[in-house]
Each structure stands twice: as structure tokens, then as C-alpha cells.
Amino acid sequence: MTNDAGADAGSGAGAGAGADEGGAAGGRLERRLGVTDAVVVGLGAMVGAGIFAALAPAARAAGGALLGALGVAAVVAYCNARSSARLAARYPSSGGTYVYGRERLGPFWGYLAGWGFVIGKTASCAAMALTVGAYLWPGREHVVAVAAVVAVTAAGYGGVRKSARIARVIVAAVLAVLAGVVALCLTSGAAGSPWGGGAWGVRGLLEGAGLLFFAFAGYARITTLGEEVRDPERTIPRAVPVALGIALSVYAAVTVAVLSVLGTDGLAASAAPLSDAVRAAGWGGLAPVVRAGAVLAAVGALLALVLGVSRTVLAMARDGHLPRALAAVHPRHRVPHRAEAAVGAVVAVLAGCVDLRGAIGFSSFGVLAYYAIANAAAWTLGGRVLDRAVPVVGLAGCVVLACALPPASVVAGAGVLGLGALLYGVRRAGSRTR
């Protein structure tokens, strides 16, 4: 295990100075993404996850406080986004909080952030793949999910710009479908008040916010692509709040529209809430269009997630925390092809056997731990009073929401983080012995 200075020399912005063009470990990625591309990648990860996967489970937890839970999740997400953007401008390399934690807090915290991100977001990938299967072919969702993972992994081999172009088409189509859902629901005769309509408590509100945070974490895809963004010091701080603001606006509009026709109890009981909302509004013939939009949204989220996870795997492999063979960069497409293939293989296995609701809770715990470290790292940057206060609020919010998740998710997430810490200690002790 290297110290901070050595780690910096072997990864991040300094990695690959002597790498050959054949894509040896430490090879460099190309900066091809502009602000629009970065925003689209973040939206692709957020919109699909939030509306079509997390809304109903959050309604079951929060009850009549669903809109309040959305607000709490948004505040925590904003703090995390601001902290991540400041750090990304300072350290514009692949890996996100894995790099920030290592550089600001020390190698262990960087490693733990990377471990939490890879584990949590691998579960997110499986959740998105299962969402594709559930909407496209109910009853055969696992088979469809595995096929979706294979297709998305293959698309990633074409390069990050190609993936961004695919994401742009998907995001445009999904936003059009969601706009139609909002218009149909709010203008129907069945529309009522979206407020109240169910019992709620503080514990349920926080649990709902923790589940909805799963939907907001897509902006991490922007920061983990830092090595492939043009002018990252300006692009990333601009792209992150734009993507987050658009996603929040979409979430709020769709949540109000669905609640107005289904109510809290109807939303909580629905397996496909947007399709059910369109039917309740009297437009059942358009339900297949909504289902198609759900499939596109989940595919877009899966594409962006695989991009982000593979870049963190690349960064960790450069530092030796994962097999160094995974740090190879394709000589033609300039993508971390081995990392993408490895991530795709693991996700395909998970998608074939895991449960969607469990995957969401487990993913939220891992990602909240990841952002807790990001906020702690951002606090060390100093600055004005606001620059100091935002990371504190973000860190506290991450801890509270993580602890408020369903008990099974908390136990499993804490166990996996503990396992990661144990492996780090064993590896550290082995290095000292040698």
C-alpha cells in the first residue's frame, strides 16, 4: 500500500505518464465530454432510477410525508453535489471520492470510499437491469436483466462519447414521456390533492428520504468521469448542479402528478406507478408508451452507472487495491475496457439472482457512506463559511439517512464496509511483512 504522495504518482492525474499506446496499466483516458454531455450522463443515471424504481418503495416508507422525504433527500443531495463539485475541480481525474478521500483524508478513507461506491453502485446496476426486465417482460425480468447488462457493456466499448450520445437520446425520450404523464394526470378529472392522504412519522420520512437518495446519486457519474471531461475545473462544477436541479424538478412534478390520481396508498401499493397513474387518469391506452419510457430510462441509468463504476475500478486498480490488469485502457477506443468487462460480468450475475427492493436499500447505504467521506474531504478544503457549513450538513445528512434505511440494508451495508476495511488491514499488514 502506498502513501499519499506515492498514490498520487501512480493514479489520478499523474497516472499513466509512461504508459504505452497499447493500453498498459496506467494508460490515459481522453477528455472528450463537454458540459452538455456531462449533464446528460448525470441525468441518465438519475431520472431512470428515481422515477421508475424508488418512488413506490419510498411511498411505502414515508406515507403521507413522501413530498417531505423528497425535499430532505434533495437537501442532502445538494450538499453532496456541492462538495463533490469543489473536489472534482481540484482533482480532475477518474475515481471520484476514491481520489478525493485518498488525497484529503488518507489512503484508507479513499479506499473505503471506492469500496463503498463499487459495491453500492454495482447493486444499483443490478437494480436498473431488473427494472428493465420488470417493465419489458414481467415474470422473466432476470433473463431480460442479464441481456440488458451484456448490451450496455458492449455499448461502453465504443467509447465514452458514443455512450454519451446514446444517453442523450434516451434522456430526451424519457423526459418527453414523463412530461406527458404529468400533463395527463394533472389535467384529468381524477386529479386531487397530492398532500397528505396517509399516516407518517419522522422515522418513515427519513427512511423514505434514504430510499429516494438512491435516485439523486446519479450526479456522481459526472465526477467519476473527471478524466474524460474537457476543462474539468469549469465543466464539472457547472454540470453537477444543472443535472441535479433538472432531476429535482422532474421528480417533484411527477411525484405530485402521480399522487394526485393514485393517492399515497395507491402509489405505495403499485408495482408500476406511472402506468397505473395514466390508467387512473383515463388514458389506459397510453400505458404501453409509459412502460417503454420506463425501459428506456432504466437502460440510460444502467449505461451511466456502468461508466461510473468502471472508472472507479480503473482508479483503484491503478493503486493496486484491485488487480492491476483492470487498469488497462483500450488502445483504440481509449476506454477502461477490462474494468468495464469485469463490472459487466459481476452485474450480470447479480441481476440474475437478486431482489429489486433489496438492491435499492443496499445501494443507498453504500452510496451514502461514499458521500459521507466526500463531505469530510470537502471540509478540509476550507474557504468561506458556506463552504465549511455545506459539508457538515451533508455529512450529518448522510449518516442519518443511512441509519434510517431498512434494518436489513443497514446490517448488510455495514457488514460489507467492515469486510472492505478488514481486507485493507490484511493487505496492509502483508505489505509491511514483505
# chains A, B, ... in the order shown; residues from 1 in each chain; ligands from 1
>>> residues_around(residues="Ala272 (chain A)", least_positions_apart="2", cutoff="12 Å", atoms="only C-alpha atoms", output="VMD selection string")
chain A and resid 51 to 57 131 to 132 134 to 136 138 258 262 266 to 270 274 to 279 287 to 288 290 to 295
>>> residues_around(residues="Leu248 (chain A)", least_positions_apart="6", cutoff="9 Å", atoms="only C-alpha atoms", output="ChimeraX atom specification")
/A:70-71,74,216
>>> write_last_selection(atoms="N, CA and C atoms", output="PDB file, in the first residue's frame")
ATOM      1  N   LEU A  70     -38.876  13.664  -0.201  1.00  0.00           N
ATOM      2  CA  LEU A  70     -38.190  14.112  -1.413  1.00  0.00           C
ATOM      3  C   LEU A  70     -37.384  15.377  -1.139  1.00  0.00           C
ATOM      4  N   GLY A  71     -37.958  16.294  -0.363  1.00  0.00           N
ATOM      5  CA  GLY A  71     -37.242  17.516  -0.029  1.00  0.00           C
ATOM      6  C   GLY A  71     -35.996  17.250   0.803  1.00  0.00           C
ATOM      7  N   ALA A  74     -33.343  15.812  -1.350  1.00  0.00           N
ATOM      8  CA  ALA A  74     -32.792  16.832  -2.236  1.00  0.00           C
ATOM      9  C   ALA A  74     -31.778  17.713  -1.516  1.00  0.00           C
ATOM     10  N   PHE A 216     -31.059  10.307  -6.502  1.00  0.00           N
ATOM     11  CA  PHE A 216     -30.302  11.530  -6.728  1.00  0.00           C
ATOM     12  C   PHE A 216     -28.819  11.293  -6.958  1.00  0.00           C
TER      13      PHE A 216
END
>>> closest_residue(among="A:Gly204, A:Gly64, A:Pro237, A:Gly282", to="Thr264 (chain A)", atoms="only C-alpha atoms")
A:Gly64
>>> closest_atom_pairs(of="region 309-400 of chain A", to="region 80-100 of chain A", cutoff="12 Å", atoms="only C-alpha atoms", output="JSON lines")
{"residue": "A:Val309", "atom": "CA", "partner": "A:Gly95", "partner_atom": "CA", "distance": 8.5}
{"residue": "A:Ser310", "atom": "CA", "partner": "A:Gly95", "partner_atom": "CA", "distance": 8.9}
{"residue": "A:Arg311", "atom": "CA", "partner": "A:Ser94", "partner_atom": "CA", "distance": 5.7}
{"residue": "A:Thr312", "atom": "CA", "partner": "A:Gly95", "partner_atom": "CA", "distance": 4.2}
{"residue": "A:Val313", "atom": "CA", "partner": "A:Gly95", "partner_atom": "CA", "distance": 7.5}
{"residue": "A:Leu314", "atom": "CA", "partner": "A:Gly95", "partner_atom": "CA", "distance": 7.4}
{"residue": "A:Ala315", "atom": "CA", "partner": "A:Gly95", "partner_atom": "CA", "distance": 5.2}
{"residue": "A:Met316", "atom": "CA", "partner": "A:Gly95", "partner_atom": "CA", "distance": 7.6}
{"residue": "A:Ala317", "atom": "CA", "partner": "A:Gly95", "partner_atom": "CA", "distance": 10.3}
{"residue": "A:Arg318", "atom": "CA", "partner": "A:Gly95", "partner_atom": "CA", "distance": 10.3}
{"residue": "A:Asp319", "atom": "CA", "partner": "A:Val99", "partner_atom": "CA", "distance": 10.2}
{"residue": "A:His321", "atom": "CA", "partner": "A:Tyr98", "partner_atom": "CA", "distance": 11.1}
{"residue": "A:Ala327", "atom": "CA", "partner": "A:Ser94", "partner_atom": "CA", "distance": 11.2}
{"residue": "A:Val335", "atom": "CA", "partner": "A:Ser94", "partner_atom": "CA", "distance": 11.5}
{"residue": "A:Pro336", "atom": "CA", "partner": "A:Ser94", "partner_atom": "CA", "distance": 10.6}
{"residue": "A:Val367", "atom": "CA", "partner": "A:Thr97", "partner_atom": "CA", "distance": 10.6}
{"residue": "A:Leu368", "atom": "CA", "partner": "A:Asn80", "partner_atom": "CA", "distance": 9.5}
{"residue": "A:Ala369", "atom": "CA", "partner": "A:Thr97", "partner_atom": "CA", "distance": 10.6}
{"residue": "A:Tyr370", "atom": "CA", "partner": "A:Thr97", "partner_atom": "CA", "distance": 7.0}
{"residue": "A:Tyr371", "atom": "CA", "partner": "A:Asn80", "partner_atom": "CA", "distance": 6.2}
{"residue": "A:Ala372", "atom": "CA", "partner": "A:Asn80", "partner_atom": "CA", "distance": 8.1}
{"residue": "A:Ile373", "atom": "CA", "partner": "A:Thr97", "partner_atom": "CA", "distance": 7.3}
{"residue": "A:Ala374", "atom": "CA", "partner": "A:Thr97", "partner_atom": "CA", "distance": 5.5}
{"residue": "A:Asn375", "atom": "CA", "partner": "A:Ser83", "partner_atom": "CA", "distance": 5.8}
{"residue": "A:Ala376", "atom": "CA", "partner": "A:Ser83", "partner_atom": "CA", "distance": 8.9}
{"residue": "A:Ala377", "atom": "CA", "partner": "A:Tyr100", "partner_atom": "CA", "distance": 6.4}
{"residue": "A:Ala378", "atom": "CA", "partner": "A:Ser83", "partner_atom": "CA", "distance": 5.4}
{"residue": "A:Trp379", "atom": "CA", "partner": "A:Ser83", "partner_atom": "CA", "distance": 8.1}
{"residue": "A:Thr380", "atom": "CA", "partner": "A:Leu87", "partner_atom": "CA", "distance": 10.1}
{"residue": "A:Leu381", "atom": "CA", "partner": "A:Leu87", "partner_atom": "CA", "distance": 8.2}
{"residue": "A:Gly382", "atom": "CA", "partner": "A:Arg86", "partner_atom": "CA", "distance": 10.8}
{"residue": "A:Gly383", "atom": "CA", "partner": "A:Arg86", "partner_atom": "CA", "distance": 10.7}
{"residue": "A:Leu386", "atom": "CA", "partner": "A:Arg82", "partner_atom": "CA", "distance": 10.5}
{"residue": "A:Asp387", "atom": "CA", "partner": "A:Ser83", "partner_atom": "CA", "distance": 8.2}
{"residue": "A:Arg388", "atom": "CA", "partner": "A:Ser83", "partner_atom": "CA", "distance": 9.7}
{"residue": "A:Ala389", "atom": "CA", "partner": "A:Ser83", "partner_atom": "CA", "distance": 10.4}
{"residue": "A:Val390", "atom": "CA", "partner": "A:Ser83", "partner_atom": "CA", "distance": 7.4}
{"residue": "A:Pro391", "atom": "CA", "partner": "A:Ser83", "partner_atom": "CA", "distance": 6.2}
{"residue": "A:Val392", "atom": "CA", "partner": "A:Ser83", "partner_atom": "CA", "distance": 10.0}
{"residue": "A:Val393", "atom": "CA", "partner": "A:Asn80", "partner_atom": "CA", "distance": 9.1}
{"residue": "A:Gly394", "atom": "CA", "partner": "A:Asn80", "partner_atom": "CA", "distance": 5.7}
{"residue": "A:Leu395", "atom": "CA", "partner": "A:Asn80", "partner_atom": "CA", "distance": 8.1}
{"residue": "A:Ala396", "atom": "CA", "partner": "A:Asn80", "partner_atom": "CA", "distance": 10.8}
{"residue": "A:Gly397", "atom": "CA", "partner": "A:Asn80", "partner_atom": "CA", "distance": 9.4}
{"residue": "A:Cys398", "atom": "CA", "partner": "A:Asn80", "partner_atom": "CA", "distance": 8.8}
>>> closest_residue(among="A:Ala62, A:Ala404, A:Leu307, A:Leu422", to="Ala341 (chain A)", atoms="only C-alpha atoms")
A:Leu307
>>> closest_residue(among="A:Pro407, A:Gly361, A:Gly352, A:Gly366", to="His142 (chain A)", atoms="only C-alpha atoms")
A:Gly352
>>> closest_residue(among="A:Leu326, A:Ala297, A:Ala215, A:Ala239", to="Ala173 (chain A)", atoms="only C-alpha atoms")
A:Ala297
>>> atom_distance(atom1="CA of Arg203 (chain A)", atom2="CA of Val410 (chain A)")
14.3 Å
>>> atom_distance(atom1="CA of Arg357 (chain A)", atom2="CA of Leu417 (chain A)")
19.9 Å
>>> decode(residues="region 199-211 of chain A", atoms="all heavy atoms", output="PDB file, in the first residue's frame")
ATOM      1  N   ALA A 199     -50.786   8.047   6.885  1.00  0.00           N
ATOM      2  CA  ALA A 199     -50.084   8.278   8.142  1.00  0.00           C
ATOM      3  C   ALA A 199     -48.584   8.390   7.881  1.00  0.00           C
ATOM      4  O   ALA A 199     -48.058   7.862   6.897  1.00  0.00           O
ATOM      5  CB  ALA A 199     -50.362   7.128   9.102  1.00  0.00           C
ATOM      6  N   TRP A 200     -47.911   9.107   8.761  1.00  0.00           N
ATOM      7  CA  TRP A 200     -46.468   9.227   8.611  1.00  0.00           C
ATOM      8  C   TRP A 200     -45.836   9.560   9.960  1.00  0.00           C
ATOM      9  O   TRP A 200     -46.496   9.995  10.893  1.00  0.00           O
ATOM     10  CB  TRP A 200     -46.105  10.298   7.598  1.00  0.00           C
ATOM     11  CG  TRP A 200     -46.430  11.710   8.026  1.00  0.00           C
ATOM     12  CD1 TRP A 200     -47.642  12.335   7.948  1.00  0.00           C
ATOM     13  CD2 TRP A 200     -45.531  12.647   8.623  1.00  0.00           C
ATOM     14  NE1 TRP A 200     -47.561  13.612   8.453  1.00  0.00           N
ATOM     15  CE2 TRP A 200     -46.270  13.839   8.869  1.00  0.00           C
ATOM     16  CE3 TRP A 200     -44.181  12.615   8.957  1.00  0.00           C
ATOM     17  CZ2 TRP A 200     -45.688  14.962   9.456  1.00  0.00           C
ATOM     18  CZ3 TRP A 200     -43.591  13.733   9.528  1.00  0.00           C
ATOM     19  CH2 TRP A 200     -44.346  14.889   9.772  1.00  0.00           C
ATOM     20  N   GLY A 201     -44.538   9.315  10.043  1.00  0.00           N
ATOM     21  CA  GLY A 201     -43.757   9.639  11.226  1.00  0.00           C
ATOM     22  C   GLY A 201     -42.360  10.046  10.791  1.00  0.00           C
ATOM     23  O   GLY A 201     -41.978   9.890   9.624  1.00  0.00           O
ATOM     24  N   VAL A 202     -41.581  10.547  11.735  1.00  0.00           N
ATOM     25  CA  VAL A 202     -40.235  11.008  11.411  1.00  0.00           C
ATOM     26  C   VAL A 202     -39.381   9.850  10.910  1.00  0.00           C
ATOM     27  O   VAL A 202     -38.623   9.985   9.943  1.00  0.00           O
ATOM     28  CB  VAL A 202     -39.582  11.665  12.642  1.00  0.00           C
ATOM     29  CG1 VAL A 202     -38.125  12.026  12.357  1.00  0.00           C
ATOM     30  CG2 VAL A 202     -40.356  12.909  13.041  1.00  0.00           C
ATOM     31  N   ARG A 203     -39.501   8.688  11.553  1.00  0.00           N
ATOM     32  CA  ARG A 203     -38.713   7.527  11.129  1.00  0.00           C
ATOM     33  C   ARG A 203     -39.044   7.147   9.697  1.00  0.00           C
ATOM     34  O   ARG A 203     -38.140   6.879   8.879  1.00  0.00           O
ATOM     35  CB  ARG A 203     -38.995   6.342  12.058  1.00  0.00           C
ATOM     36  CG  ARG A 203     -38.286   5.034  11.678  1.00  0.00           C
ATOM     37  CD  ARG A 203     -36.788   5.152  11.889  1.00  0.00           C
ATOM     38  NE  ARG A 203     -36.107   3.894  11.683  1.00  0.00           N
ATOM     39  CZ  ARG A 203     -35.828   3.346  10.502  1.00  0.00           C
ATOM     40  NH1 ARG A 203     -36.207   3.972   9.395  1.00  0.00           N
ATOM     41  NH2 ARG A 203     -35.178   2.204  10.421  1.00  0.00           N
ATOM     42  N   GLY A 204     -40.323   7.133   9.343  1.00  0.00           N
ATOM     43  CA  GLY A 204     -40.721   6.791   7.984  1.00  0.00           C
ATOM     44  C   GLY A 204     -40.280   7.835   6.981  1.00  0.00           C
ATOM     45  O   GLY A 204     -39.865   7.509   5.866  1.00  0.00           O
ATOM     46  N   LEU A 205     -40.370   9.118   7.372  1.00  0.00           N
ATOM     47  CA  LEU A 205     -39.929  10.183   6.484  1.00  0.00           C
ATOM     48  C   LEU A 205     -38.448  10.026   6.147  1.00  0.00           C
ATOM     49  O   LEU A 205     -38.038  10.152   4.982  1.00  0.00           O
ATOM     50  CB  LEU A 205     -40.201  11.538   7.137  1.00  0.00           C
ATOM     51  CG  LEU A 205     -39.860  12.801   6.318  1.00  0.00           C
ATOM     52  CD1 LEU A 205     -40.800  13.935   6.687  1.00  0.00           C
ATOM     53  CD2 LEU A 205     -38.414  13.246   6.542  1.00  0.00           C
ATOM     54  N   LEU A 206     -37.625   9.753   7.165  1.00  0.00           N
ATOM     55  CA  LEU A 206     -36.181   9.612   6.934  1.00  0.00           C
ATOM     56  C   LEU A 206     -35.869   8.359   6.117  1.00  0.00           C
ATOM     57  O   LEU A 206     -34.980   8.367   5.262  1.00  0.00           O
ATOM     58  CB  LEU A 206     -35.442   9.582   8.264  1.00  0.00           C
ATOM     59  CG  LEU A 206     -35.482  10.882   9.074  1.00  0.00           C
ATOM     60  CD1 LEU A 206     -34.789  10.696  10.425  1.00  0.00           C
ATOM     61  CD2 LEU A 206     -34.816  12.017   8.296  1.00  0.00           C
ATOM     62  N   GLU A 207     -36.612   7.275   6.378  1.00  0.00           N
ATOM     63  CA  GLU A 207     -36.390   6.066   5.578  1.00  0.00           C
ATOM     64  C   GLU A 207     -36.755   6.316   4.123  1.00  0.00           C
ATOM     65  O   GLU A 207     -36.030   5.901   3.202  1.00  0.00           O
ATOM     66  CB  GLU A 207     -37.221   4.903   6.124  1.00  0.00           C
ATOM     67  CG  GLU A 207     -37.019   3.608   5.346  1.00  0.00           C
ATOM     68  CD  GLU A 207     -37.830   2.458   5.912  1.00  0.00           C
ATOM     69  OE1 GLU A 207     -38.174   2.498   7.112  1.00  0.00           O
ATOM     70  OE2 GLU A 207     -38.128   1.511   5.154  1.00  0.00           O
ATOM     71  N   GLY A 208     -37.874   7.010   3.896  1.00  0.00           N
ATOM     72  CA  GLY A 208     -38.254   7.352   2.533  1.00  0.00           C
ATOM     73  C   GLY A 208     -37.220   8.231   1.863  1.00  0.00           C
ATOM     74  O   GLY A 208     -36.895   8.056   0.683  1.00  0.00           O
ATOM     75  N   ALA A 209     -36.675   9.192   2.620  1.00  0.00           N
ATOM     76  CA  ALA A 209     -35.633  10.060   2.066  1.00  0.00           C
ATOM     77  C   ALA A 209     -34.385   9.262   1.712  1.00  0.00           C
ATOM     78  O   ALA A 209     -33.744   9.511   0.686  1.00  0.00           O
ATOM     79  CB  ALA A 209     -35.290  11.166   3.067  1.00  0.00           C
ATOM     80  N   GLY A 210     -34.040   8.286   2.561  1.00  0.00           N
ATOM     81  CA  GLY A 210     -32.881   7.451   2.258  1.00  0.00           C
ATOM     82  C   GLY A 210     -33.060   6.642   0.995  1.00  0.00           C
ATOM     83  O   GLY A 210     -32.129   6.490   0.199  1.00  0.00           O
ATOM     84  N   LEU A 211     -34.266   6.110   0.789  1.00  0.00           N
ATOM     85  CA  LEU A 211     -34.541   5.354  -0.434  1.00  0.00           C
ATOM     86  C   LEU A 211     -34.560   6.269  -1.653  1.00  0.00           C
ATOM     87  O   LEU A 211     -34.071   5.905  -2.728  1.00  0.00           O
ATOM     88  CB  LEU A 211     -35.867   4.609  -0.301  1.00  0.00           C
ATOM     89  CG  LEU A 211     -35.891   3.479   0.730  1.00  0.00           C
ATOM     90  CD1 LEU A 211     -37.306   2.966   0.941  1.00  0.00           C
ATOM     91  CD2 LEU A 211     -34.963   2.336   0.314  1.00  0.00           C
TER      92      LEU A 211
END
